[in-house]
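Engineer: So that you have it, the file is structure_16.txt, and it contains compact mmCIF, C-alpha atoms:
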```txt
# COMPACT_ATOMS: atom_id res chain seq x y z
CA SER J 1 10.14 19.92 1.39
CA VAL J 2 8.08 18.67 -1.53
CA GLU J 3 8.24 20.93 -4.57
CA PRO J 4 6.38 20.70 -7.86
CA LEU J 5 8.69 20.09 -10.81
CA ASN J 6 6.49 21.92 -13.31
CA GLU J 7 3.30 23.91 -13.61
CA PRO J 8 0.45 21.45 -14.07
CA SER J 9 -1.97 22.43 -16.77
CA PHE J 10 -4.99 21.14 -18.64
CA VAL J 11 -7.07 22.25 -21.61
CA SER J 12 -10.66 23.29 -21.00
CA THR J 13 -13.26 25.23 -22.92
CA ASN J 14 -11.38 28.34 -21.73
CA GLY J 15 -8.15 27.11 -23.35
CA LYS J 16 -5.01 26.09 -21.50
CA GLU J 17 -5.36 26.58 -17.75
CA ILE J 18 -2.45 26.52 -15.32
CA VAL J 19 -3.01 24.99 -11.87
CA GLN J 20 -1.12 26.87 -9.19
CA VAL J 21 0.69 24.50 -6.83
CA LEU J 22 2.68 25.64 -3.80
CA PRO J 23 5.42 23.56 -2.15
CA GLY J 24 4.47 21.30 0.72
CA ALA J 25 6.09 19.00 3.23
CA TYR J 26 6.37 15.29 3.94
CA GLY J 27 6.60 12.99 6.93
CA CYS J 28 6.99 9.34 7.81
CA GLN J 29 5.63 7.32 10.70
CA LEU J 30 6.88 3.87 11.65
CA GLN J 31 4.25 1.18 11.01
CA GLY J 32 6.24 -2.01 11.58
CA ILE J 33 9.68 -2.52 13.11
CA GLU J 34 10.24 -5.99 11.67
CA SER J 35 9.08 -5.04 8.18
CA ARG J 36 10.72 -1.58 8.30
CA GLN J 37 7.46 -0.16 6.93
CA TYR J 38 6.62 3.52 7.27
CA ALA J 39 3.48 5.46 6.48
CA PHE J 40 4.68 8.04 3.94
CA ARG J 41 2.58 11.18 3.69
CA PHE J 42 3.05 14.49 1.96
CA PHE J 43 0.92 17.45 0.97
CA LEU J 44 0.79 20.19 -1.63
CA ASP J 45 -1.26 23.37 -1.48
CA PHE J 46 -3.59 24.30 -4.35
CA PRO J 47 -4.60 27.88 -3.44
CA GLU J 48 -6.87 28.41 -6.47
CA GLY J 49 -8.05 24.84 -7.04
CA ALA J 50 -9.09 23.77 -10.53
CA LYS J 51 -12.17 22.56 -12.35
CA ARG J 52 -12.48 20.56 -15.54
CA ASN J 53 -15.81 19.18 -16.69
CA ASP J 54 -17.33 17.42 -13.66
CA VAL J 55 -14.03 17.03 -11.74
CA GLU J 56 -13.10 19.68 -9.21
CA LEU J 57 -9.86 20.07 -7.29
CA PRO J 58 -10.71 22.07 -4.16
CA SER J 59 -8.72 25.17 -3.32
CA GLU J 60 -7.03 23.76 -0.24
CA ARG J 61 -4.29 21.43 0.97
CA ILE J 62 -4.31 18.03 -0.73
CA TYR J 63 -2.78 15.04 1.08
CA PHE J 64 -1.00 12.12 -0.57
CA LEU J 65 -0.81 8.92 1.50
CA SER J 66 1.36 5.90 0.76
CA SER J 67 3.90 3.48 2.28
CA CYS J 68 7.66 3.09 2.12
CA TRP J 69 10.24 0.65 3.44
CA LEU J 70 13.85 1.18 4.49
CA THR J 71 16.12 -1.49 3.11
CA ASP J 72 19.76 -2.40 3.22
CA ASP J 73 21.86 -2.72 0.07
CA GLU J 74 21.13 -6.43 -0.29
CA GLY J 75 17.44 -6.28 0.65
CA ALA J 76 17.96 -9.34 2.90
CA PHE J 77 14.80 -8.80 4.96
CA ILE J 78 12.72 -8.71 1.78
CA GLY J 79 14.32 -11.96 0.61
CA ARG J 80 13.46 -13.61 3.93
CA ALA J 81 9.88 -12.33 3.71
CA ARG J 82 9.54 -13.68 0.16
CA GLU J 83 10.82 -17.08 1.31
CA ARG J 84 8.28 -17.08 4.15
CA ARG J 85 5.52 -16.13 1.68
CA ASP J 86 6.54 -18.99 -0.62
CA ASP J 87 6.46 -21.44 2.31
CA ILE J 88 2.97 -20.27 3.29
CA GLU J 89 1.74 -20.62 -0.31
CA LYS J 90 3.16 -24.17 -0.47
CA SER J 91 1.38 -25.04 2.77
CA ILE J 92 -1.92 -23.73 1.39
CA GLN J 93 -1.47 -25.78 -1.79
CA GLN J 94 -0.67 -28.93 0.21
CA ILE J 95 -3.75 -28.48 2.41
CA THR J 96 -5.90 -28.02 -0.70
CA ARG J 97 -4.50 -31.28 -2.14
CA ASN J 98 -5.15 -33.05 1.17
CA LEU J 99 -8.76 -31.83 1.15
CA GLU J 100 -9.26 -33.11 -2.39
CA GLU J 101 -7.80 -36.52 -1.44
CA LEU J 102 -10.11 -36.73 1.59
CA GLU J 103 -13.12 -35.95 -0.55
CA GLN J 104 -12.21 -38.48 -3.21
CA GLY J 105 -11.26 -41.25 -0.75
CA SER J 106 -14.46 -41.07 1.28
CA THR J 107 -17.10 -43.36 -0.21
CA GLY J 108 -19.10 -44.81 2.65
CA PHE J 109 -21.14 -43.02 5.30
CA LEU J 110 -18.68 -43.77 8.11
CA GLN J 111 -15.68 -42.72 6.01
CA LYS J 112 -17.42 -39.45 5.09
CA ALA J 113 -18.17 -38.74 8.75
CA MET J 114 -14.53 -39.30 9.76
CA ALA J 115 -13.28 -37.30 6.77
CA PHE J 116 -15.58 -34.41 7.69
CA ARG J 117 -13.81 -33.90 11.02
CA ASP J 118 -10.40 -34.01 9.33
CA SER J 119 -11.54 -31.63 6.59
CA VAL J 120 -12.76 -29.08 9.17
CA ASP J 121 -9.28 -29.07 10.72
CA LEU J 122 -7.66 -28.65 7.32
CA VAL J 123 -10.00 -25.82 6.32
CA GLU J 124 -9.24 -24.00 9.58
CA ARG J 125 -5.47 -24.42 9.06
CA ARG J 126 -5.77 -23.16 5.47
CA ALA J 127 -7.73 -20.10 6.66
CA LYS J 128 -4.98 -19.29 9.19
CA PHE J 129 -2.31 -19.57 6.48
CA LYS J 130 -4.34 -17.31 4.15
CA LEU J 131 -4.62 -14.72 6.91
CA GLN J 132 -0.84 -14.88 7.48
CA LEU J 133 -0.31 -14.44 3.74
CA GLU J 134 -2.56 -11.36 3.63
CA GLU J 135 -0.71 -9.85 6.58
CA MET J 136 2.67 -10.47 4.90
CA GLU J 137 1.48 -8.83 1.68
CA GLN J 138 0.37 -5.77 3.67
CA LYS J 139 3.60 -5.47 5.66
CA TYR J 140 6.28 -6.24 3.08
CA PRO J 141 7.01 -5.03 -0.47
CA LEU J 142 6.85 -8.54 -1.95
CA ASP J 143 5.59 -7.82 -5.47
CA GLU J 144 8.08 -5.95 -7.69
CA ALA J 145 5.22 -4.77 -9.93
CA ASN J 146 3.73 -2.76 -7.04
CA ILE J 147 6.88 -0.99 -5.82
CA ILE J 148 9.38 1.55 -7.06
CA HIS J 149 12.95 1.96 -5.81
CA GLY J 150 13.69 5.45 -4.59
CA PRO J 151 16.83 7.19 -3.37
CA ASN J 152 18.83 6.12 -0.29
CA ASN J 153 17.69 2.46 -0.35
CA ILE J 154 14.04 3.35 0.19
CA ILE J 155 11.32 1.34 -1.53
CA PHE J 156 7.98 3.06 -2.17
CA ALA J 157 4.57 1.60 -2.93
CA LYS J 158 3.88 2.63 -6.53
CA GLU J 159 0.35 3.75 -5.77
CA GLY J 160 -1.20 5.76 -3.00
CA MET J 161 -4.34 7.60 -2.01
CA ILE J 162 -5.20 11.27 -2.45
CA ALA J 163 -7.23 12.78 0.37
CA VAL J 164 -8.65 16.00 1.75
CA LYS J 165 -8.88 16.64 5.48
CA ARG J 166 -12.19 17.41 7.13
CA PHE J 167 -13.04 18.06 10.76
CA ARG J 168 -15.98 16.21 12.28
CA GLY J 169 -17.38 15.39 15.68
CA THR J 170 -18.26 17.65 18.54
CA LEU J 171 -17.05 21.17 17.82
CA GLY J 172 -15.33 19.91 14.66
CA THR J 173 -12.24 18.74 16.49
CA ARG J 174 -11.79 15.22 15.06
CA GLU J 175 -9.70 14.97 11.89
CA GLN J 176 -10.90 12.70 9.10
CA TYR J 177 -9.30 12.09 5.73
CA HIS J 178 -11.68 11.63 2.82
CA TRP J 179 -10.26 9.66 -0.10
CA VAL J 180 -10.76 11.51 -3.37
CA GLY J 181 -8.53 9.55 -5.73
CA THR J 182 -5.27 7.73 -6.29
CA PHE J 183 -1.81 8.68 -7.49
CA SER J 184 1.25 6.77 -8.64
CA PHE J 185 4.99 7.32 -8.52
CA ASN J 186 6.72 7.09 -11.89
CA ASP J 187 10.27 8.13 -11.08
CA PHE J 188 12.43 9.75 -8.42
CA PHE J 189 14.97 12.48 -8.98
CA GLU J 190 18.06 12.84 -6.82
CA ASP J 191 18.70 16.30 -5.40
CA ASP J 192 21.73 17.65 -7.30
CA GLU J 193 22.43 20.45 -4.84
CA GLU J 194 25.55 19.90 -2.73
CA ASP J 195 25.60 20.62 1.00
CA GLU J 196 27.34 23.88 1.86
```
Would you mind writing the structure in this file as structure tokens?
Structural biologist:
Amino acid sequence: SVEPLNEPSFVSTNGKEIVQVLPGAYGCQLQGIESRQYAFRFFLDFPEGAKRNDVELPSERIYFLSSCWLTDDEGAFIGRARERRDDIEKSIQQITRNLEELEQGSTGFLQKAMAFRDSVDLVERRAKFKLQLEEMEQKYPLDEANIIHGPNNIIFAKEGMIAVKRFRGTLGTREQYHWVGTFSFNDFFEDDEEDE
């Protein structure tokens, strides 16, 4: 279960107000086998909600959505992914240099026409590499600044989305999550209770 560690509070015109938070639950869903990425979701219940100035926390269940990755002790799969990312970035840089050389070396009309065809090929290759790079950055925890190491060799994305659930569609049967903010992980605490 997910349990609040303290009673959240804030100061308003009414003085210090305590926000009641009830324990919730969490779950993970596999997103990528190769990357070992999971969608990490949890919720907390706020039975009374809260309001401060123009910000209102509704009195309902609030969902927190993020990602996590299972890793081994050495983090070998992350190392391989970082090497692949570096190779892709080098390829993009080389293609950019080749494009600049083509542009500078083409002076006459015929040379420019021949260089145009080559430059189209290079631009298409660079676009494919950029797409691969974006996909890698979505699948793997490559940037240390954007992750936090949790217990049991699990890596978490530092930031996630806060959402409320609404039902839409015919007869209100289709679930939709509406993003209402962001959250960030600062630290993880190990459970000190021993198994009985």
Engineer: Please report the interatomic distance between CA of Glu175 (chain J) and CA of Phe43 (chain J) in Å with one decimal.
Structural biologist: 15.4 Å
Engineer: CA of Asn53 (chain J) and CA of Ala25 (chain J) are how many Å apart?
Structural biologist: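 Here the two named atoms are 29.6 Å from each other.
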Engineer: Sorted by chain and rising residue number, list the residues of region 48-112 of chain J at most 9 Å from region 135-141 of chain J (counting all atoms listed in the file), each with its closest atom pair and distance in Å to one decimal, as CSV.
Structural biologist:
```
residue,atom,partner,partner_atom,distance
J:Cys68,CA,J:Pro141,CA,8.5
J:Trp69,CA,J:Pro141,CA,7.6
J:Ile78,CA,J:Tyr140,CA,7.0
J:Ala81,CA,J:Tyr140,CA,7.1
J:Arg82,CA,J:Tyr140,CA,8.6
J:Arg84,CA,J:Met136,CA,8.7
J:Arg85,CA,J:Met136,CA,7.1
```
Engineer: I'd like the interatomic distance between CA of Glu3 (chain J) and CA of Gly24 (chain J), to a tenth of an Å.
Structural biologist: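 So the answer is 6.5 Å.
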Engineer: For a quick check of understanding, using only C-alpha atoms, which of J:Gly181, J:Pro8, J:Gly150, J:Gly160 has the smallest distance to Ser66 (chain J)?
Structural biologist: J:Gly160
Engineer: Give the answer as one residue: which of J:Arg36, J:Arg61, J:Arg125, J:Lys51 has the shortest atom-to-atom distance to Val164 (chain J), using all atoms listed in the file?
Structural biologist: J:Arg61
Engineer: Could you pull the residues within 12 Å of Glu124 (chain J), counting only C-alpha atoms, minus those fewer than 6 positions along the same chain, as a ChimeraX atom specification?
Structural biologist: /J:92,95-96,99,117-118,130-131
Engineer: May I ask which of the residues J:Trp179, J:Phe10, J:Ser184, J:Ala127 is the closest one to Ile148 (chain J), counting only C-alpha atoms?
Structural biologist: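 Of J:Trp179, J:Phe10, J:Ser184, J:Ala127, the one nearest Ile148 (chain J) is J:Ser184, counting only C-alpha atoms.
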Engineer: Could you give me, as a ChimeraX atom specification, the residues within 12 Å of Asn98 (chain J), counting only C-alpha atoms and dropping anything in the same chain fewer than 2 positions from it?
Structural biologist: /J:91-96,100-105,115,118-123,125-126
Engineer: Taking 3 positions as the minimum chain separation for residues in the same chain, which residues sit within 10 Å of Lys158 (chain J) when counting only C-alpha atoms? Answer as an MDAnalysis selection string.
Structural biologist: chainID J and resid 66:68 144:149 155 183:187
Engineer: Counting all atoms listed in the file, figure out which residue out of J:Phe189, J:Leu70, J:Asp87, J:Val180 gets nearest to Gly32 (chain J).
Structural biologist: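 Going through J:Phe189, J:Leu70, J:Asp87, J:Val180 one by one, the smallest distance to Gly32 (chain J) is for J:Leu70.
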Engineer: Using the file's own x, y and z axes, what box holds all listed atoms of region 143-157 of chain J with 6 Å on each side, keeping edges along x, y and z, and what are its centre and edge lengths in Å to one decimal, as JSON?
Structural biologist:
```
{"center_x": 11.3, "center_y": -0.3, "center_z": -4.9, "size_x": 27.1, "size_y": 27.0, "size_z": 22.1}
```
Engineer: Counting only C-alpha atoms, which residues have an atom no more than 9 Å from (5.7, 5.3, 3.6) in the file's coordinates? Please list them as a ChimeraX atom specification.
Structural biologist: /J:27-31,37-41,65-69,155-157
Engineer: My structure is short of atoms at region 137-151 of chain J; please model N, CA and C atoms there, returning them as a PDB file, keeping the file's coordinate frame.
Structural biologist:
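The new file result_11.pdb reads:
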```
ATOM      1  N   GLU J 137       1.584  -9.676   2.873  1.00  0.00           N
ATOM      2  CA  GLU J 137       1.480  -8.830   1.680  1.00  0.00           C
ATOM      3  C   GLU J 137       1.207  -7.378   2.049  1.00  0.00           C
ATOM      4  N   GLN J 138       0.590  -7.142   3.212  1.00  0.00           N
ATOM      5  CA  GLN J 138       0.370  -5.770   3.670  1.00  0.00           C
ATOM      6  C   GLN J 138       1.632  -5.159   4.271  1.00  0.00           C
ATOM      7  N   LYS J 139       2.434  -5.977   4.932  1.00  0.00           N
ATOM      8  CA  LYS J 139       3.600  -5.470   5.660  1.00  0.00           C
ATOM      9  C   LYS J 139       4.851  -5.327   4.814  1.00  0.00           C
ATOM     10  N   TYR J 140       5.021  -6.191   3.822  1.00  0.00           N
ATOM     11  CA  TYR J 140       6.280  -6.240   3.080  1.00  0.00           C
ATOM     12  C   TYR J 140       6.078  -5.913   1.606  1.00  0.00           C
ATOM     13  N   PRO J 141       7.087  -5.311   0.972  1.00  0.00           N
ATOM     14  CA  PRO J 141       7.010  -5.030  -0.470  1.00  0.00           C
ATOM     15  C   PRO J 141       7.410  -6.269  -1.279  1.00  0.00           C
ATOM     16  N   LEU J 142       6.518  -7.243  -1.367  1.00  0.00           N
ATOM     17  CA  LEU J 142       6.850  -8.540  -1.950  1.00  0.00           C
ATOM     18  C   LEU J 142       6.709  -8.587  -3.465  1.00  0.00           C
ATOM     19  N   ASP J 143       5.858  -7.766  -4.037  1.00  0.00           N
ATOM     20  CA  ASP J 143       5.590  -7.820  -5.470  1.00  0.00           C
ATOM     21  C   ASP J 143       6.295  -6.658  -6.177  1.00  0.00           C
ATOM     22  N   GLU J 144       7.301  -6.973  -6.980  1.00  0.00           N
ATOM     23  CA  GLU J 144       8.080  -5.950  -7.690  1.00  0.00           C
ATOM     24  C   GLU J 144       7.202  -5.049  -8.561  1.00  0.00           C
ATOM     25  N   ALA J 145       6.087  -5.570  -9.058  1.00  0.00           N
ATOM     26  CA  ALA J 145       5.220  -4.770  -9.930  1.00  0.00           C
ATOM     27  C   ALA J 145       4.524  -3.644  -9.164  1.00  0.00           C
ATOM     28  N   ASN J 146       4.456  -3.752  -7.835  1.00  0.00           N
ATOM     29  CA  ASN J 146       3.730  -2.760  -7.040  1.00  0.00           C
ATOM     30  C   ASN J 146       4.636  -1.810  -6.273  1.00  0.00           C
ATOM     31  N   ILE J 147       5.951  -1.854  -6.544  1.00  0.00           N
ATOM     32  CA  ILE J 147       6.880  -0.990  -5.820  1.00  0.00           C
ATOM     33  C   ILE J 147       7.789  -0.253  -6.804  1.00  0.00           C
ATOM     34  N   ILE J 148       8.403   0.805  -6.288  1.00  0.00           N
ATOM     35  CA  ILE J 148       9.380   1.550  -7.060  1.00  0.00           C
ATOM     36  C   ILE J 148      10.547   1.873  -6.121  1.00  0.00           C
ATOM     37  N   HIS J 149      11.756   1.708  -6.623  1.00  0.00           N
ATOM     38  CA  HIS J 149      12.950   1.960  -5.810  1.00  0.00           C
ATOM     39  C   HIS J 149      13.284   3.440  -5.868  1.00  0.00           C
ATOM     40  N   GLY J 150      13.383   4.038  -4.692  1.00  0.00           N
ATOM     41  CA  GLY J 150      13.690   5.450  -4.590  1.00  0.00           C
ATOM     42  C   GLY J 150      15.127   5.664  -4.135  1.00  0.00           C
ATOM     43  N   PRO J 151      15.469   6.887  -3.811  1.00  0.00           N
ATOM     44  CA  PRO J 151      16.830   7.190  -3.370  1.00  0.00           C
ATOM     45  C   PRO J 151      17.108   6.623  -1.969  1.00  0.00           C
TER      46      PRO J 151
END
```
